[in-house]
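The file work.cif contains mmCIF, C-alpha atoms:
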data_my_file
#
loop_
_atom_site.label_atom_id
_atom_site.label_comp_id
_atom_site.auth_asym_id
_atom_site.auth_seq_id
_atom_site.Cartn_x
_atom_site.Cartn_y
_atom_site.Cartn_z
CA MET A 503 -41.62 -35.33 35.53
CA LEU A 504 -44.15 -37.90 34.39
CA PRO A 505 -42.26 -40.85 35.99
CA PHE A 506 -42.58 -39.13 39.39
CA PHE A 507 -46.35 -38.69 38.93
CA GLN A 508 -46.62 -42.33 37.87
CA TRP A 509 -44.62 -43.42 40.90
CA VAL A 510 -46.97 -41.42 43.16
CA SER A 511 -50.00 -43.09 41.60
CA GLU A 512 -48.56 -46.50 42.51
CA THR A 513 -47.94 -45.72 46.18
CA PRO A 514 -50.24 -47.48 48.71
CA LEU A 515 -51.50 -44.08 49.90
CA SER A 516 -52.62 -43.10 46.40
CA GLN A 517 -54.28 -46.46 45.86
CA ALA A 518 -56.06 -46.28 49.22
CA ILE A 519 -57.55 -42.81 48.66
CA SER A 520 -58.54 -43.36 45.05
CA GLN A 521 -60.16 -46.71 45.80
CA SER A 522 -62.07 -45.57 48.86
CA PRO A 523 -65.57 -44.27 48.07
CA TRP A 524 -65.45 -41.55 50.73
CA GLU A 525 -61.82 -40.69 51.64
CA PHE A 526 -61.38 -38.18 48.81
CA ALA A 527 -64.64 -36.44 49.79
CA VAL A 528 -63.61 -36.17 53.44
CA ILE A 529 -60.14 -34.81 52.65
CA GLU A 530 -61.71 -32.40 50.17
CA SER A 531 -64.07 -31.11 52.87
CA VAL A 532 -61.19 -30.39 55.24
CA HIS A 533 -59.37 -28.68 52.35
CA LEU A 534 -62.47 -26.51 51.84
CA LEU A 535 -62.82 -25.63 55.54
CA ALA A 536 -59.17 -24.53 55.63
CA LEU A 537 -59.89 -22.47 52.50
CA ALA A 538 -62.36 -20.38 54.48
CA VAL A 539 -59.81 -19.75 57.24
CA ILE A 540 -56.95 -18.92 54.87
CA GLY A 541 -59.33 -16.66 52.95
CA GLY A 542 -60.20 -14.80 56.15
CA ALA A 543 -56.58 -14.49 57.23
CA VAL A 544 -55.44 -13.22 53.82
CA LEU A 545 -58.37 -10.85 53.30
CA MET A 546 -58.10 -9.36 56.79
CA LEU A 547 -54.60 -8.06 56.10
CA ASP A 548 -55.04 -7.27 52.40
CA LEU A 549 -58.19 -5.23 53.12
CA ARG A 550 -56.28 -3.36 55.82
CA LEU A 551 -53.37 -2.69 53.44
CA LEU A 552 -55.93 -1.24 51.00
CA GLY A 553 -57.20 1.06 53.74
CA LEU A 554 -60.38 -0.97 54.12
CA GLY A 555 -61.66 -3.43 56.72
CA LEU A 556 -60.06 -2.90 60.15
CA ARG A 557 -58.68 0.50 59.15
CA ASP A 558 -58.65 1.89 62.70
CA GLN A 559 -56.04 -0.70 63.69
CA PRO A 560 -52.28 -0.50 63.06
CA ILE A 561 -51.31 -2.62 60.02
CA ALA A 562 -48.68 -4.53 62.01
CA ARG A 563 -51.26 -5.57 64.61
CA VAL A 564 -53.64 -6.95 61.99
CA ALA A 565 -50.68 -8.72 60.34
CA ARG A 566 -49.53 -10.29 63.63
CA ASP A 567 -53.03 -11.42 64.60
CA ALA A 568 -53.72 -12.90 61.16
CA GLN A 569 -50.34 -14.65 60.83
CA PRO A 570 -50.94 -17.75 63.02
CA TRP A 571 -54.25 -18.44 61.24
CA LEU A 572 -52.59 -18.00 57.86
CA VAL A 573 -49.77 -20.41 58.78
CA ALA A 574 -52.08 -22.99 60.43
CA SER A 575 -54.63 -23.02 57.60
CA LEU A 576 -51.84 -23.10 55.00
CA ILE A 577 -50.39 -26.21 56.68
CA VAL A 578 -53.81 -27.91 56.61
CA MET A 579 -54.24 -26.86 52.97
CA LEU A 580 -50.84 -28.27 52.01
CA VAL A 581 -51.32 -31.58 53.84
CA THR A 582 -54.84 -32.17 52.48
CA GLY A 583 -53.75 -30.83 49.09
CA VAL A 584 -50.89 -33.35 48.86
CA LEU A 585 -53.33 -36.13 49.78
CA LEU A 586 -55.83 -35.00 47.12
CA PHE A 587 -53.03 -34.79 44.56
CA SER A 588 -51.66 -38.21 45.49
CA SER A 589 -55.03 -39.82 44.79
CA GLU A 590 -55.03 -38.71 41.14
CA PRO A 591 -51.52 -37.63 40.07
CA ILE A 592 -51.88 -38.66 36.43
CA LYS A 593 -55.04 -36.56 36.03
CA CYS A 594 -53.17 -33.63 37.61
CA TYR A 595 -50.17 -34.10 35.31
CA TYR A 596 -52.35 -33.58 32.25
CA SER A 597 -54.43 -30.79 33.84
CA THR A 598 -53.55 -27.21 32.87
CA PRO A 599 -55.41 -25.74 35.89
CA PHE A 600 -53.24 -27.92 38.16
CA TRP A 601 -50.02 -26.41 36.83
CA VAL A 602 -51.49 -22.90 36.95
CA LYS A 603 -52.46 -23.54 40.56
CA MET A 604 -49.05 -24.86 41.58
CA SER A 605 -47.27 -21.91 39.95
CA SER A 606 -49.53 -19.31 41.57
CA LEU A 607 -49.33 -21.14 44.89
CA LEU A 608 -45.55 -21.03 44.86
CA LEU A 609 -45.57 -17.31 44.02
CA ALA A 610 -48.33 -16.54 46.55
CA MET A 611 -46.47 -18.28 49.38
CA ILE A 612 -43.13 -16.65 48.58
CA PHE A 613 -44.82 -13.26 48.31
CA ALA A 614 -46.78 -13.71 51.57
CA PHE A 615 -43.76 -14.59 53.66
CA THR A 616 -41.31 -12.11 52.15
CA VAL A 617 -42.49 -8.84 50.60
CA ARG A 618 -46.01 -8.76 52.08
CA ARG A 619 -44.90 -9.68 55.58
CA ARG A 620 -42.02 -7.21 55.59
CA VAL A 621 -44.20 -4.38 54.29
CA ALA A 622 -46.98 -5.15 56.81
CA LEU A 623 -44.62 -5.19 59.77
CA ALA A 624 -42.62 -2.12 58.70
CA ASP A 625 -43.11 1.11 60.62
CA GLU A 626 -46.12 2.83 59.16
CA GLY A 627 -45.10 5.93 57.27
CA ARG A 628 -41.90 4.29 56.05
CA VAL A 629 -43.78 2.61 53.22
CA ARG A 630 -45.73 4.83 50.86
CA PRO A 631 -49.49 4.04 50.92
CA VAL A 632 -49.49 3.31 47.21
CA TRP A 633 -47.03 0.46 47.77
CA LEU A 634 -49.20 -0.97 50.53
CA LYS A 635 -52.04 -1.09 48.03
CA VAL A 636 -49.87 -2.62 45.32
CA VAL A 637 -48.77 -5.36 47.73
CA ALA A 638 -52.39 -6.07 48.69
CA VAL A 639 -53.54 -6.26 45.07
CA VAL A 640 -50.66 -8.58 44.09
CA SER A 641 -51.47 -10.81 47.07
CA LEU A 642 -55.18 -10.91 46.24
CA VAL A 643 -54.52 -11.66 42.56
CA LEU A 644 -52.09 -14.49 43.40
CA TRP A 645 -54.36 -16.15 45.98
CA PHE A 646 -57.39 -15.73 43.72
CA GLY A 647 -55.40 -17.48 41.00
CA VAL A 648 -54.68 -20.36 43.37
CA GLY A 649 -58.34 -20.71 44.37
CA ALA A 650 -59.90 -20.29 40.94
CA SER A 651 -57.49 -22.66 39.15
CA GLY A 652 -57.82 -25.10 42.06
CA ARG A 653 -61.58 -25.24 41.64
CA TRP A 654 -61.10 -25.69 37.90
CA ILE A 655 -59.00 -28.87 38.36
CA GLY A 656 -62.25 -30.58 39.32
CA PHE A 657 -64.05 -29.45 36.17
CA SER A 658 -61.42 -30.56 33.68
CA VAL A 659 -61.33 -34.15 32.54
CA MET B 455 -96.78 -31.37 51.93
CA SER B 456 -93.99 -31.94 49.50
CA LEU B 457 -92.07 -29.40 47.48
CA LEU B 458 -91.26 -32.12 44.94
CA PRO B 459 -93.90 -31.01 42.36
CA PHE B 460 -92.58 -27.45 42.58
CA CYS B 461 -89.00 -28.69 42.08
CA GLN B 462 -90.09 -30.80 39.12
CA TRP B 463 -91.85 -27.80 37.61
CA LEU B 464 -88.72 -25.69 38.23
CA ALA B 465 -86.49 -28.30 36.55
CA ASP B 466 -88.63 -28.05 33.41
CA THR B 467 -88.28 -24.29 33.06
CA PRO B 468 -86.02 -23.22 30.16
CA GLY B 469 -83.69 -21.24 32.46
CA SER B 470 -83.07 -24.21 34.73
CA LYS B 471 -82.29 -26.50 31.79
CA ALA B 472 -80.04 -23.91 30.16
CA LEU B 473 -78.00 -23.43 33.34
CA HIS B 474 -77.81 -27.16 34.01
CA GLU B 475 -76.60 -27.93 30.51
CA SER B 476 -74.33 -24.90 30.09
CA VAL B 477 -70.66 -25.63 29.46
CA TYR B 478 -69.19 -22.65 31.31
CA MET B 479 -72.01 -20.92 33.21
CA TYR B 480 -72.63 -23.66 35.76
CA PRO B 481 -68.94 -24.18 36.65
CA LEU B 482 -68.51 -20.40 36.86
CA VAL B 483 -71.47 -20.01 39.22
CA GLU B 484 -70.17 -22.89 41.32
CA SER B 485 -66.67 -21.38 41.42
CA ALA B 486 -68.10 -18.04 42.50
CA HIS B 487 -70.09 -19.84 45.22
CA VAL B 488 -66.99 -21.64 46.52
CA LEU B 489 -64.55 -18.74 46.29
CA THR B 490 -66.93 -16.29 47.97
CA LEU B 491 -66.56 -18.64 50.92
CA CYS B 492 -63.25 -16.85 51.51
CA LEU B 493 -64.93 -13.47 51.72
CA PHE B 494 -68.04 -14.35 53.70
CA LEU B 495 -67.02 -17.33 55.81
CA GLY B 496 -63.37 -16.29 56.08
CA LEU B 497 -64.37 -13.02 57.75
CA ALA B 498 -67.18 -14.72 59.69
CA VAL B 499 -64.64 -17.17 61.10
CA MET B 500 -62.40 -14.27 62.16
CA PHE B 501 -65.45 -12.65 63.76
CA ASP B 502 -66.30 -15.87 65.63
CA LEU B 503 -62.69 -16.32 66.73
CA ARG B 504 -62.79 -12.75 68.07
CA LEU B 505 -65.98 -13.70 69.95
CA LEU B 506 -64.06 -16.64 71.41
CA GLY B 507 -61.30 -14.24 72.43
CA VAL B 508 -58.54 -16.04 70.53
CA THR B 509 -57.60 -13.45 67.91
CA LEU B 510 -57.72 -9.69 67.32
CA THR B 511 -58.30 -9.39 71.07
CA ARG B 512 -57.43 -5.70 71.10
CA VAL B 513 -60.01 -4.83 68.45
CA PRO B 514 -63.35 -3.70 69.97
CA MET B 515 -66.32 -5.86 68.92
CA THR B 516 -68.22 -2.81 67.62
CA GLU B 517 -65.28 -2.09 65.34
CA MET B 518 -65.26 -5.70 64.09
CA LYS B 519 -68.94 -5.34 63.24
CA ARG B 520 -68.69 -1.90 61.68
CA ARG B 521 -65.56 -2.59 59.61
CA LEU B 522 -66.05 -6.21 58.60
CA GLY B 523 -69.87 -6.36 58.59
CA PRO B 524 -70.33 -4.73 55.16
CA TRP B 525 -67.82 -7.15 53.56
CA MET B 526 -69.52 -10.13 55.15
CA THR B 527 -72.88 -8.86 53.90
CA VAL B 528 -71.55 -8.53 50.35
CA GLY B 529 -70.12 -12.04 50.55
CA PHE B 530 -73.33 -13.45 52.00
CA VAL B 531 -75.47 -11.89 49.27
CA ILE B 532 -73.21 -13.41 46.57
CA MET B 533 -73.33 -16.79 48.38
CA VAL B 534 -77.13 -16.72 48.47
CA ILE B 535 -77.54 -15.61 44.84
CA THR B 536 -75.09 -18.20 43.47
CA GLY B 537 -76.48 -20.83 45.86
CA VAL B 538 -80.03 -20.24 44.63
CA MET B 539 -78.75 -20.45 41.04
CA LEU B 540 -77.07 -23.81 41.76
CA PHE B 541 -80.33 -25.11 43.24
CA TYR B 542 -82.28 -23.68 40.29
CA ALA B 543 -80.03 -25.60 37.87
CA ILE B 544 -80.56 -28.96 39.62
CA PRO B 545 -83.72 -28.65 41.74
CA VAL B 546 -85.07 -32.20 42.05
CA ARG B 547 -81.79 -33.91 42.84
CA SER B 548 -80.87 -31.18 45.35
CA TYR B 549 -84.27 -31.34 47.03
CA GLN B 550 -83.92 -35.10 47.41
CA SER B 551 -80.33 -34.92 48.68
CA ILE B 552 -79.85 -35.66 52.37
CA PHE B 553 -76.78 -33.40 52.31
CA PHE B 554 -78.72 -30.50 50.81
CA ARG B 555 -81.40 -31.00 53.48
CA ALA B 556 -78.79 -31.12 56.25
CA LYS B 557 -77.24 -27.94 54.85
CA VAL B 558 -80.56 -26.08 54.83
CA ILE B 559 -81.30 -27.14 58.41
CA ALA B 560 -77.83 -26.04 59.56
CA LEU B 561 -78.28 -22.73 57.70
CA VAL B 562 -81.55 -22.10 59.54
CA LEU B 563 -79.87 -22.95 62.85
CA ALA B 564 -76.97 -20.60 62.04
CA GLY B 565 -79.48 -17.84 61.30
CA LEU B 566 -81.26 -18.59 64.56
CA ASN B 567 -77.95 -18.48 66.43
CA ALA B 568 -77.15 -15.07 64.94
CA PHE B 569 -80.67 -13.84 65.77
CA VAL B 570 -80.39 -14.96 69.39
CA PHE B 571 -76.92 -13.39 69.68
CA HIS B 572 -78.16 -10.04 68.38
CA ASN B 573 -81.11 -10.03 70.73
CA THR B 574 -79.34 -11.09 73.93
CA ILE B 575 -75.67 -10.59 74.78
CA ASP B 576 -75.11 -8.28 71.80
CA ARG B 577 -77.65 -5.86 73.30
CA ARG B 578 -75.24 -5.26 76.19
CA ILE B 579 -72.18 -4.96 73.95
CA ALA B 580 -71.16 -1.66 75.59
CA GLU B 581 -70.27 -3.66 78.70
CA TRP B 582 -67.83 -6.00 76.94
CA ASP B 583 -66.93 -4.20 73.72
CA ARG B 584 -63.24 -3.97 74.58
CA ALA B 585 -62.94 -7.16 76.63
CA PRO B 586 -60.14 -9.30 75.12
CA VAL B 587 -62.20 -12.37 76.00
CA PRO B 588 -65.97 -11.75 75.63
CA PRO B 589 -68.48 -13.11 78.20
CA PRO B 590 -69.49 -16.81 78.09
CA ALA B 591 -72.77 -16.17 76.24
CA ALA B 592 -70.88 -14.43 73.42
CA ARG B 593 -68.23 -17.16 73.32
CA ARG B 594 -70.94 -19.82 73.10
CA ALA B 595 -72.55 -17.98 70.17
CA GLY B 596 -69.16 -17.88 68.41
CA ALA B 597 -68.53 -21.59 69.03
CA ARG B 598 -72.02 -22.57 67.84
CA SER B 599 -71.52 -20.51 64.70
CA LEU B 600 -68.20 -22.22 63.91
CA VAL B 601 -69.73 -25.70 64.39
CA LEU B 602 -72.79 -24.88 62.26
CA TRP B 603 -70.75 -23.37 59.42
CA THR B 604 -68.48 -26.40 59.44
CA VAL B 605 -71.58 -28.58 58.96
CA ILE B 606 -72.83 -26.24 56.21
CA VAL B 607 -69.54 -26.37 54.28
CA VAL B 608 -69.08 -30.14 54.59
CA ALA B 609 -72.73 -30.92 53.76
CA GLY B 610 -72.56 -28.48 50.85
CA ARG B 611 -69.49 -30.18 49.43
CA MET B 612 -71.11 -33.61 49.83
CA ILE B 613 -74.15 -32.64 47.71
CA ALA B 614 -71.90 -33.34 44.72
CA TYR B 615 -71.64 -37.03 45.65
CA ASN B 616 -74.40 -39.41 44.60
CA TRP B 617 -73.97 -42.06 47.33
CA PHE B 618 -77.49 -41.57 48.67
CA ASP B 619 -79.30 -40.42 45.53
CA CYS B 620 -82.88 -41.55 45.08
CA ASP B 621 -82.15 -42.99 41.63
CA LYS B 622 -79.43 -45.17 43.14
CA GLN B 623 -81.42 -47.96 44.76
CA PRO B 624 -81.51 -49.98 46.91
CA GLN B 625 -80.89 -47.55 49.75
CA SER B 626 -81.68 -48.14 53.38
CA ALA B 627 -85.20 -47.14 54.44
CA ILE B 628 -83.86 -44.35 56.64
CA VAL B 629 -82.01 -42.75 53.69
CA ASN B 630 -85.08 -43.00 51.48
CA THR B 631 -87.20 -41.39 54.17
CA LEU B 632 -84.75 -38.58 54.95
CA ALA B 633 -84.20 -37.86 51.25
CA GLY B 634 -87.93 -38.00 50.49
CA CYS B 635 -87.37 -40.51 47.70
CA VAL B 636 -90.48 -41.58 45.78
CA LEU B 637 -89.98 -45.28 45.03
CA PRO B 638 -91.73 -47.22 42.24
CA SER B 639 -93.65 -49.15 44.93
CA ASP B 640 -94.98 -45.86 46.33
CA VAL B 641 -96.24 -44.85 42.92
CA ARG B 642 -98.01 -48.17 42.44
CA ALA B 643 -99.58 -47.93 45.92
CA ARG B 644 -101.24 -44.71 44.86
#

Mind converting the file's structure to structure tokens?
Amino acid sequence: MLPFFQWVSETPLSQAISQSPWEFAVIESVHLLALAVIGGAVLMLDLRLLGLGLRDQPIARVARDAQPWLVASLIVMLVTGVLLFSSEPIKCYYSTPFWVKMSSLLLAMIFAFTVRRRVALADEGRVRPVWLKVVAVVSLVLWFGVGASGRWIGFSV
Amino acid sequence: MSLLPFCQWLADTPGSKALHESVYMYPLVESAHVLTLCLFLGLAVMFDLRLLGVTLTRVPMTEMKRRLGPWMTVGFVIMVITGVMLFYAIPVRSYQSIFFRAKVIALVLAGLNAFVFHNTIDRRIAEWDRAPVPPPAARRAGARSLVLWTVIVVAGRMIAYNWFDCDKQPQSAIVNTLAGCVLPSDVRAR
């Protein structure tokens, strides 16, 4: 995979971002703002699945209301994330936190749009409460993994 | 009046030095500060979007406050504690950072916005509790909050960059003034 990372580092986009004194910082800020939104959207539903947060509301309603914010913030995260990655692909290639983040991200996204979504939109009572909680915990663990390892990319040299 | 002497004294305390020089503690505190953003600001954003009437429109405002308020409080407390620790680790540079100063001002304004909200339109919440789209005064409070927190997050992130640091001269006069830099010429003038 190294040749691909090297190729990315030679693209004009990569050169432009890594050579600019402020572009990385600006993209990073947008990435961080979207983090808050995705955090809110994920937590809103996971808290509800745990029987916390907006517990007086039907699960499906919380899921439907949170969904557009989850999708929108995820798109912003992915776009800004690709830009951040493209500015320093070689550093990422040799960064363990980067690979941990990409693996958890893949799992978190698949889980969010398959199991978690199906469980949240299912008729309440058809899914046993314990499974709702398991789904919420798995979701929280996966997204926490994405966030924590993502922050750690910046600390590693 | 300058807080610079206090910050210099703080920087010389053993705790501040230990945290600043720690291999894992500082990154861990910073990670906790950033990730708690999801808990506190994530839910605050949802709350503000509800105030704007663009999401969770069928959830009464009192329910938003009662059910999400405690989580936001927990998140806020963690943000403040870790934030104070980050300042404690690097007091002088933070104090003389224009981004840190902008962040503090925006934080005060966000607090003021919340205070005004609670003492005006929020007092009459019974009248609009279930309204899918809250009254203009409530929507304005939500919009102001979103703008201010955007400033807080961006300014906070920028503190890490040294573009306008006092020890990186020459800087324009306006930057030196806003950052409260003490230049060698100032010292000699005294």

If the cut-off is 10 Å, can you tell me the residues of chain A near chain B, counting all atoms listed in the file? I'd like them as a PyMOL selection string.
chain A and resi 523-524+527-528+530-532+534-546+549+554-559+563-568+570-571+646+649-654+656-657

Looking at all atoms listed in the file, which of B:Thr574, B:Leu540, B:Val546, B:Gly507 is the one that sits closest to B:Asp621?
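Smallest distance to B:Asp621 is found for B:Val546.
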
Considering only C-alpha atoms, state which residue in the set B:Ala543, B:Ile552, B:Glu475, B:Leu563 is at the smallest distance from B:Val601.
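The shortest atom-to-atom distance to B:Val601 comes from B:Leu563.
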
What do you get, as a list in words, if you spell out every residue that the PyMOL selection byres ((chain B and resi 629) around 12) selects here?
Gln550, Ser551, Ile552, Phe553, Arg555, Trp617, Phe618, Asp619, Cys620, Lys622, Gln623, Pro624, Gln625, Ser626, Ala627, Ile628, Asn630, Thr631, Leu632, Ala633, Gly634, Cys635 and Val636 of chain B

To one decimal place, how far is atom CA of B:Phe530 from atom CA of B:Ala472 in Å?
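Going from atom CA of B:Phe530 over to atom CA of B:Ala472 covers 25.1 Å.
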
A:Leu585 environment, 9 Å, all atoms listed in the file, sequence neighbours closer than 4 positions dropped, as a ChimeraX atom specification
/A:515-516,519,526,529,580-581,589

Would you please work out which residue, of A:Val617, A:Leu608, A:Val629, A:Met579, is nearest to A:Leu644 when using all atoms listed in the file?
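Of all the options, A:Leu608 lies closest to A:Leu644.
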
Step by step, gather every atom of stretch 575-592 of chain A that the file lists, find the box along x, y and z that holds them, add 8 Å on each side, and finally give centre and edge lengths in Å to one decimal, as JSON.
{"center_x": -53.1, "center_y": -31.4, "center_z": 47.0, "size_x": 21.4, "size_y": 32.8, "size_z": 37.2}

Measure the distance from atom CA of B:Tyr542 to atom CA of B:Ile606 in Å and round it to one decimal.
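Between atom CA of B:Tyr542 and atom CA of B:Ile606 the gap is 18.7 Å.
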
Hey, can you check how far atom CA of B:Asp576 sits from atom CA of A:Pro560?
25.7 Å

Can you pull out the residues contacting stretch 632-639 of chain A? Cut-off 6 Å, using only C-alpha atoms, and skip same-chain residues under 3 positions away; I want them as a ChimeraX atom specification.
/A:548,551-552,642

Of the candidates A:Ser658, A:Pro514, A:Arg550, A:Gly583, which shows the shortest atom-to-atom distance to A:Ala562, using only C-alpha atoms?
A:Arg550

Please provide as a list in words all residues within 8 Å of stretch 588-599 of chain B, with the sequence filter that same-chain residues fewer than 2 positions apart are discarded (counting only C-alpha atoms).
Phe501, Asp502, Leu503, Leu505, Leu506, Gly507, Ala564, Asn567, Ala568, Phe571, Ile575, Asp576, Trp582, Asp583, Ala585, Pro586, Val601, Leu602 and Trp603 of chain B

Incomplete stretch 492-510 of chain B brought to N, CA and C atoms, written out as a CSV table (one decimal), in the coordinates of the input:
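Writing the result to part.csv gives the following:
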chain,number,residue,atom,x,y,z
B,492,CYS,N,-64.4,-17.6,50.9
B,492,CYS,CA,-63.2,-16.8,51.5
B,492,CYS,C,-63.7,-15.5,52.1
B,493,LEU,N,-64.5,-14.8,51.3
B,493,LEU,CA,-64.9,-13.5,51.7
B,493,LEU,C,-65.9,-13.6,52.9
B,494,PHE,N,-67.0,-14.3,52.7
B,494,PHE,CA,-68.0,-14.4,53.7
B,494,PHE,C,-67.6,-15.2,54.9
B,495,LEU,N,-67.3,-16.5,54.7
B,495,LEU,CA,-67.0,-17.3,55.8
B,495,LEU,C,-65.7,-17.0,56.4
B,496,GLY,N,-64.7,-16.6,55.6
B,496,GLY,CA,-63.4,-16.3,56.1
B,496,GLY,C,-63.5,-15.2,57.1
B,497,LEU,N,-64.2,-14.1,56.8
B,497,LEU,CA,-64.4,-13.0,57.8
B,497,LEU,C,-65.3,-13.4,58.9
B,498,ALA,N,-66.3,-14.3,58.6
B,498,ALA,CA,-67.2,-14.7,59.7
B,498,ALA,C,-66.4,-15.6,60.7
B,499,VAL,N,-65.5,-16.4,60.2
B,499,VAL,CA,-64.6,-17.2,61.1
B,499,VAL,C,-63.8,-16.3,62.0
B,500,MET,N,-63.2,-15.2,61.4
B,500,MET,CA,-62.4,-14.3,62.2
B,500,MET,C,-63.3,-13.6,63.2
B,501,PHE,N,-64.5,-13.3,62.8
B,501,PHE,CA,-65.4,-12.6,63.8
B,501,PHE,C,-65.8,-13.6,64.9
B,502,ASP,N,-66.0,-14.9,64.6
B,502,ASP,CA,-66.3,-15.9,65.6
B,502,ASP,C,-65.1,-16.1,66.5
B,503,LEU,N,-63.9,-16.1,65.9
B,503,LEU,CA,-62.7,-16.3,66.7
B,503,LEU,C,-62.5,-15.1,67.7
B,504,ARG,N,-62.9,-13.9,67.2
B,504,ARG,CA,-62.8,-12.8,68.1
B,504,ARG,C,-63.8,-12.9,69.2
B,505,LEU,N,-65.0,-13.4,68.9
B,505,LEU,CA,-66.0,-13.7,70.0
B,505,LEU,C,-65.4,-14.7,71.0
B,506,LEU,N,-64.6,-15.7,70.5
B,506,LEU,CA,-64.1,-16.6,71.4
B,506,LEU,C,-62.9,-16.1,72.2
B,507,GLY,N,-62.4,-14.9,71.7
B,507,GLY,CA,-61.3,-14.2,72.4
B,507,GLY,C,-60.0,-14.9,72.1
B,508,VAL,N,-59.8,-15.4,70.9
B,508,VAL,CA,-58.5,-16.0,70.5
B,508,VAL,C,-57.8,-15.3,69.5
B,509,THR,N,-58.4,-14.3,68.9
B,509,THR,CA,-57.6,-13.4,67.9
B,509,THR,C,-58.1,-12.0,67.9
B,510,LEU,N,-57.3,-11.1,67.4
B,510,LEU,CA,-57.7,-9.7,67.3
B,510,LEU,C,-58.3,-9.2,68.6
